[in-house]
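Undergrad: Take a look at my_file-v5.txt, compact mmCIF, C-alpha atoms:
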# COMPACT_ATOMS: atom_id res chain seq x y z
CA MET A 1 42.48 -53.05 13.66
CA ASN A 2 44.92 -50.14 14.00
CA ARG A 3 44.85 -49.61 10.25
CA LEU A 4 41.03 -49.49 10.34
CA LEU A 5 41.07 -46.92 13.15
CA ARG A 6 43.57 -44.77 11.29
CA PHE A 7 41.43 -44.99 8.15
CA LEU A 8 38.23 -43.98 10.01
CA THR A 9 40.06 -41.10 11.69
CA LEU A 10 41.27 -39.87 8.29
CA VAL A 11 37.74 -40.09 6.82
CA ILE A 12 36.25 -38.12 9.74
CA ALA A 13 38.95 -35.46 9.50
CA CYS A 14 38.41 -35.06 5.74
CA SER A 15 34.64 -34.83 6.22
CA ALA A 16 35.05 -32.13 8.84
CA LEU A 17 37.37 -30.21 6.53
CA ILE A 18 34.91 -30.40 3.63
CA PHE A 19 31.99 -29.33 5.83
CA SER A 20 34.03 -26.43 7.19
CA SER A 21 34.92 -25.31 3.66
CA MET A 22 31.26 -25.44 2.59
CA SER A 23 30.14 -23.50 5.63
CA SER A 24 32.66 -20.73 5.15
CA ALA A 25 32.25 -20.59 1.37
CA THR A 26 29.13 -18.44 1.68
CA ASN A 27 29.48 -15.24 3.70
CA LEU A 28 25.91 -13.97 3.95
CA ARG A 29 24.56 -10.75 5.45
CA VAL A 30 21.01 -9.39 5.47
CA ALA A 31 20.42 -5.83 4.21
CA GLY A 32 16.60 -5.76 3.92
CA LEU A 33 13.71 -7.85 5.28
CA PHE A 34 10.14 -8.22 3.97
CA ASN A 35 7.36 -10.79 4.08
CA GLY A 36 8.53 -13.59 1.80
CA LYS A 37 11.54 -11.67 0.47
CA ALA A 38 14.97 -10.50 1.61
CA LEU A 39 17.83 -8.43 0.26
CA VAL A 40 21.11 -10.17 1.10
CA LEU A 41 24.83 -9.79 0.48
CA ILE A 42 26.42 -13.10 -0.50
CA ASN A 43 30.20 -13.04 -0.71
CA GLY A 44 29.95 -9.28 -1.19
CA GLN A 45 27.35 -9.46 -4.00
CA ARG A 46 23.76 -8.18 -3.54
CA HIS A 47 20.86 -10.53 -4.30
CA PHE A 48 17.09 -10.21 -3.86
CA ILE A 49 15.85 -13.66 -2.78
CA GLN A 50 12.29 -14.94 -2.42
CA VAL A 51 10.64 -17.87 -0.66
CA GLY A 52 10.40 -20.87 -2.99
CA LYS A 53 13.00 -19.59 -5.47
CA GLU A 54 16.68 -20.57 -5.45
CA THR A 55 18.18 -17.35 -6.84
CA VAL A 56 21.70 -18.33 -5.78
CA LYS A 57 22.93 -21.93 -5.85
CA GLY A 58 23.08 -23.37 -2.35
CA VAL A 59 21.10 -20.49 -0.81
CA GLN A 60 17.34 -20.70 -0.29
CA LEU A 61 14.97 -18.43 1.65
CA ILE A 62 12.72 -20.62 3.79
CA SER A 63 10.67 -17.87 5.43
CA SER A 64 10.98 -14.17 6.23
CA SER A 65 9.20 -11.30 7.94
CA SER A 66 10.12 -7.72 8.70
CA LYS A 67 12.04 -8.95 11.77
CA LYS A 68 13.93 -12.05 10.73
CA ALA A 69 14.49 -14.64 8.01
CA ILE A 70 15.28 -18.33 7.97
CA ILE A 71 17.76 -19.03 5.19
CA GLU A 72 19.20 -22.37 4.18
CA VAL A 73 22.86 -22.20 3.18
CA ASN A 74 24.49 -25.40 1.89
CA GLY A 75 21.73 -27.44 3.56
CA VAL A 76 21.99 -25.69 6.95
CA ARG A 77 19.08 -23.54 8.13
CA THR A 78 19.86 -20.47 10.25
CA GLU A 79 17.90 -17.51 11.59
CA TYR A 80 19.13 -14.24 10.07
CA TYR A 81 18.51 -10.75 11.41
CA LEU A 82 19.02 -7.33 9.86
CA SER A 83 22.55 -5.89 10.16
CA ARG A 84 24.15 -9.13 11.34
CA ASP A 85 26.95 -11.06 9.70
CA MET A 86 25.63 -14.56 10.29
CA GLY A 87 28.95 -16.22 9.53
CA GLN A 88 30.72 -14.49 12.42
CA GLY A 89 27.89 -12.99 14.46
CA ILE A 90 29.19 -9.43 14.08
CA THR A 91 26.61 -6.65 14.26
CA THR A 92 26.99 -3.46 12.25
CA PRO A 93 27.79 -0.33 14.28
CA GLU A 94 25.01 2.22 14.72
CA ALA A 95 24.54 4.29 11.57
CA LEU A 96 22.33 7.09 10.29
CA THR A 97 18.69 5.93 10.30
CA PHE A 98 15.61 7.50 8.70
CA ARG A 99 12.00 6.30 9.02
CA VAL A 100 8.90 6.78 6.86
CA ILE A 101 5.34 6.12 8.07
CA ARG A 102 2.98 4.26 5.75
CA THR A 103 0.09 6.33 4.35
CA PRO A 104 -3.58 5.23 4.69
CA GLN A 105 -3.27 4.10 1.04
CA GLY A 106 -0.52 1.66 2.03
CA GLN A 107 2.35 3.59 0.44
CA TYR A 108 5.64 4.93 1.76
CA ILE A 109 6.07 8.48 0.49
CA THR A 110 8.81 10.88 1.53
CA ARG A 111 10.76 13.87 0.29
CA GLY A 112 14.30 13.48 -0.88
CA SER A 113 16.65 15.10 -3.34
CA ILE A 114 18.17 14.18 -6.67
CA ASN A 115 21.37 15.99 -7.66
CA GLY A 116 20.62 18.47 -4.86
CA ARG A 117 17.04 19.31 -5.92
CA SER A 118 14.08 18.39 -3.71
CA THR A 119 11.36 16.03 -4.95
CA GLU A 120 8.65 13.72 -3.61
CA MET A 121 9.45 10.00 -3.76
CA LEU A 122 7.46 6.78 -3.51
CA VAL A 123 9.37 3.80 -2.12
CA ASP A 124 8.97 0.94 -4.61
CA THR A 125 10.87 -2.29 -3.93
CA GLY A 126 9.36 -3.76 -7.10
CA ALA A 127 11.13 -1.21 -9.32
CA ASN A 128 14.64 -2.19 -10.40
CA LEU A 129 15.66 1.42 -10.90
CA VAL A 130 14.80 4.88 -9.66
CA ALA A 131 12.24 6.15 -12.19
CA MET A 132 10.60 9.48 -13.06
CA ASN A 133 8.64 11.07 -15.87
CA ALA A 134 10.25 13.42 -18.38
CA ASP A 135 8.66 16.58 -16.95
CA GLU A 136 10.08 15.84 -13.50
CA ALA A 137 13.49 15.10 -15.00
CA ASP A 138 13.41 18.47 -16.77
CA ARG A 139 12.45 20.20 -13.51
CA LEU A 140 15.33 18.50 -11.71
CA GLY A 141 17.77 19.54 -14.42
CA ILE A 142 18.60 16.00 -15.52
CA SER A 143 20.05 15.66 -19.04
CA TYR A 144 18.60 12.55 -20.66
CA LYS A 145 17.66 13.20 -24.31
CA ASP A 146 21.04 12.01 -25.61
CA SER A 147 21.08 8.96 -23.30
CA GLU A 148 20.46 5.34 -24.30
CA LYS A 149 16.84 4.80 -25.34
CA ILE A 150 14.80 1.92 -23.93
CA PHE A 151 11.17 0.82 -23.92
CA VAL A 152 9.32 0.74 -20.62
CA GLU A 153 6.04 -0.92 -19.67
CA THR A 154 3.75 1.49 -17.81
CA ALA A 155 0.10 1.46 -16.74
CA GLY A 156 -0.72 3.12 -20.06
CA GLY A 157 1.23 0.60 -22.16
CA ILE A 158 4.72 0.48 -23.68
CA THR A 159 6.46 3.84 -23.91
CA GLU A 160 9.93 5.21 -24.61
CA GLY A 161 12.40 5.90 -21.86
CA PHE A 162 16.04 6.82 -21.30
CA LYS A 163 18.73 5.24 -19.12
CA VAL A 164 20.61 7.79 -17.02
CA ARG A 165 22.94 7.86 -14.02
CA LEU A 166 22.17 10.37 -11.30
CA ASP A 167 25.01 12.17 -9.55
CA PHE A 168 23.45 11.30 -6.19
CA VAL A 169 20.13 10.55 -4.49
CA SER A 170 19.56 11.62 -0.88
CA VAL A 171 16.78 10.60 1.52
CA GLY A 172 16.72 11.57 5.19
CA GLY A 173 20.38 12.51 5.08
CA ILE A 174 21.38 9.15 3.56
CA ARG A 175 23.20 9.95 0.33
CA VAL A 176 24.01 7.43 -2.42
CA PRO A 177 26.18 8.49 -5.38
CA GLY A 178 25.99 7.26 -8.97
CA VAL A 179 22.43 5.88 -8.91
CA ALA A 180 21.08 4.29 -12.12
CA ALA A 181 17.67 5.62 -13.16
CA THR A 182 15.10 5.70 -15.93
CA VAL A 183 13.43 8.79 -17.38
CA ILE A 184 10.07 7.89 -18.95
CA LYS A 185 8.27 9.92 -21.60
CA GLY A 186 4.79 11.10 -20.62
CA THR A 187 3.27 11.76 -17.20
CA SER A 188 3.84 8.35 -15.60
CA PRO A 189 4.95 7.82 -12.91
CA ASN A 190 3.45 10.95 -11.34
CA THR A 191 5.84 10.58 -8.37
CA VAL A 192 9.52 9.64 -8.49
CA LEU A 193 9.87 5.91 -7.76
CA LEU A 194 12.61 5.16 -5.25
CA GLY A 195 13.64 1.79 -6.66
CA MET A 196 16.25 -0.85 -5.94
CA SER A 197 19.13 0.99 -7.64
CA PHE A 198 19.03 3.23 -4.54
CA LEU A 199 17.67 0.79 -1.95
CA GLN A 200 20.27 -1.91 -2.61
CA SER A 201 22.97 0.51 -1.46
CA ILE A 202 21.44 0.93 2.01
CA LYS A 203 19.77 -1.23 4.65
CA PHE A 204 16.00 -1.11 4.94
CA ASN A 205 13.10 -2.99 6.48
CA GLU A 206 9.38 -2.64 7.11
CA ASP A 207 7.80 -3.18 10.53
CA GLY A 208 4.34 -2.22 11.75
CA GLY A 209 3.66 0.40 9.11
CA VAL A 210 7.10 2.01 9.37
CA MET A 211 9.83 1.74 6.76
CA SER A 212 13.32 2.21 8.20
CA PHE A 213 16.34 3.20 6.11
CA GLN A 214 19.88 2.91 7.43
CA ALA A 215 23.16 3.99 5.89
CA ARG A 216 25.73 1.22 5.44
CA TYR A 217 28.58 3.33 6.79
Here is a file; write its structure as structure tokens.
TA:
Amino acid sequence: MNRLLRFLTLVIACSALIFSSMSSATNLRVAGLFNGKALVLINGQRHFIQVGKETVKGVQLISSSSKKAIIEVNGVRTEYYLSRDMGQGITTPEALTFRVIRTPQGQYITRGSINGRSTEMLVDTGANLVAMNADEADRLGISYKDSEKIFVETAGGITEGFKVRLDFVSVGGIRVPGVAATVIKGTSPNTVLLGMSFLQSIKFNEDGGVMSFQARY
């Protein structure tokens, strides 16, 4: 009987240790919230997750809105909120915040600067990179003609583009250095697209027709 009790105690202790290791293995923080999507930091790496898709093994987005998300981590579902480290419940200190009001056309347009020069920008969470047409790049003084050539799909079809790295992009006082971007031949897009190569470096969310941007530090 004593041997059986000792054995059961050992099994319970090992199970608790394994569960604890699984729970702490994934340190997850939320950087951006949208309907059906969320930008998260998992063990320090940024990932864009969507409902119904397991982008990262063991992590699945169950539901999300502009206010909160329910994320399943190693089989455990938890409510996640913007700017909170869910593993330890630590909130991020107050940081520089900038807000953009949605236009009647349903877009978020603001003015920012690229390498110190002002330009109009359209927030586009569906764009992997900041993107602009060649004329705008010339106006902003961006050297791109000797950069790596790529092909880009636009509304007008497949066209040639160039991969560049911007010195910095600034919106509402929030400045991000070394932003990857694409310069596209032709007139599309007619406004600079503020894509995920900038947005993934800050915190952002949409609520009631207002897009909020917050510096990480």
Undergrad: Excluding stretch 57-69 of chain A and residues on its chain fewer than 4 positions from it, collect all residues at most 10 Å away from it, counting only C-alpha atoms, and give them as a PyMOL selection string.
TA: chain A and resi 22+26+28+30+32-38+42+49-53+73-82+204-208+211
Undergrad: Quick check, in Å to one decimal: how far apart do atom CA of A:Val164 and atom CA of A:Ala134 lie?
TA: 11.9 Å
Undergrad: Go through A:Ala180, A:Met132, A:Ala215, A:Val210 one by one, measure the shortest atom-to-atom distance of each to A:Ile101 using only C-alpha atoms, and give the residue with the smallest value.
TA: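 Using only C-alpha atoms, A:Ile101 sits closest to A:Val210.
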Undergrad: Rounded to one decimal, what separation in Å do you get between atom CA of A:Val130 and atom CA of A:Asn190?
TA: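 Calculated distance between atom CA of A:Val130 and atom CA of A:Asn190 is 13.0 Å.
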Undergrad: Just checking: using all atoms listed in the file, which residue out of A:Gln45, A:Thr159, A:Arg29, A:Phe98 ends up closest to A:Ser188?
TA: A:Thr159
Undergrad: I'd like the contact shell of stretch 199-201 of chain A - 10 Å cut-off, all atoms listed in the file, skipping same-chain residues fewer than 4 positions apart - returned as a list in words.
TA: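 Answer for this query is Ala31, Gly32, Leu39, Val40, Leu41, Arg46, His47, Phe48, Val123, Asp124, Thr125, Asn128, Leu129, Val130, Arg175, Val176, Pro177, Val179, Leu194, Gly195, Phe213, Gln214, Ala215 and Arg216 of chain A.
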Undergrad: When you look at A:Asp167 with a cut-off of 12 Å (counting only C-alpha atoms), what residues show up, excluding the ones that are within fewer than 6 positions of it in the same chain? I need them as a count of residues only.
TA: 17
Undergrad: Any idea what's packed within 6 Å of A:Ala131, counting only C-alpha atoms, ignoring anything in its chain fewer than 6 positions away? Could you give it as a PyMOL selection string?
TA: chain A and resi 181-183+192-193
Undergrad: Report the distance between atom CA of A:Thr187 and atom CA of A:Val100 in Å, rounded to one decimal place.
TA: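 Spanning atom CA of A:Thr187 to atom CA of A:Val100 is a straight-line distance of 25.2 Å.
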Undergrad: Which of these, A:Ile109, A:Phe168, A:Glu148, A:Thr97, has the shortest distance to A:Thr191 once you count all atoms listed in the file?
TA: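 Among the listed residues, the smallest separation from A:Thr191 belongs to A:Ile109.
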Undergrad: Nearest to A:Ile184 among A:Val152, A:Val169, A:Met196, A:Ser212, with distances taken over only C-alpha atoms: which residue is it?
TA: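 Among the listed residues, A:Val152 lies closest to A:Ile184.
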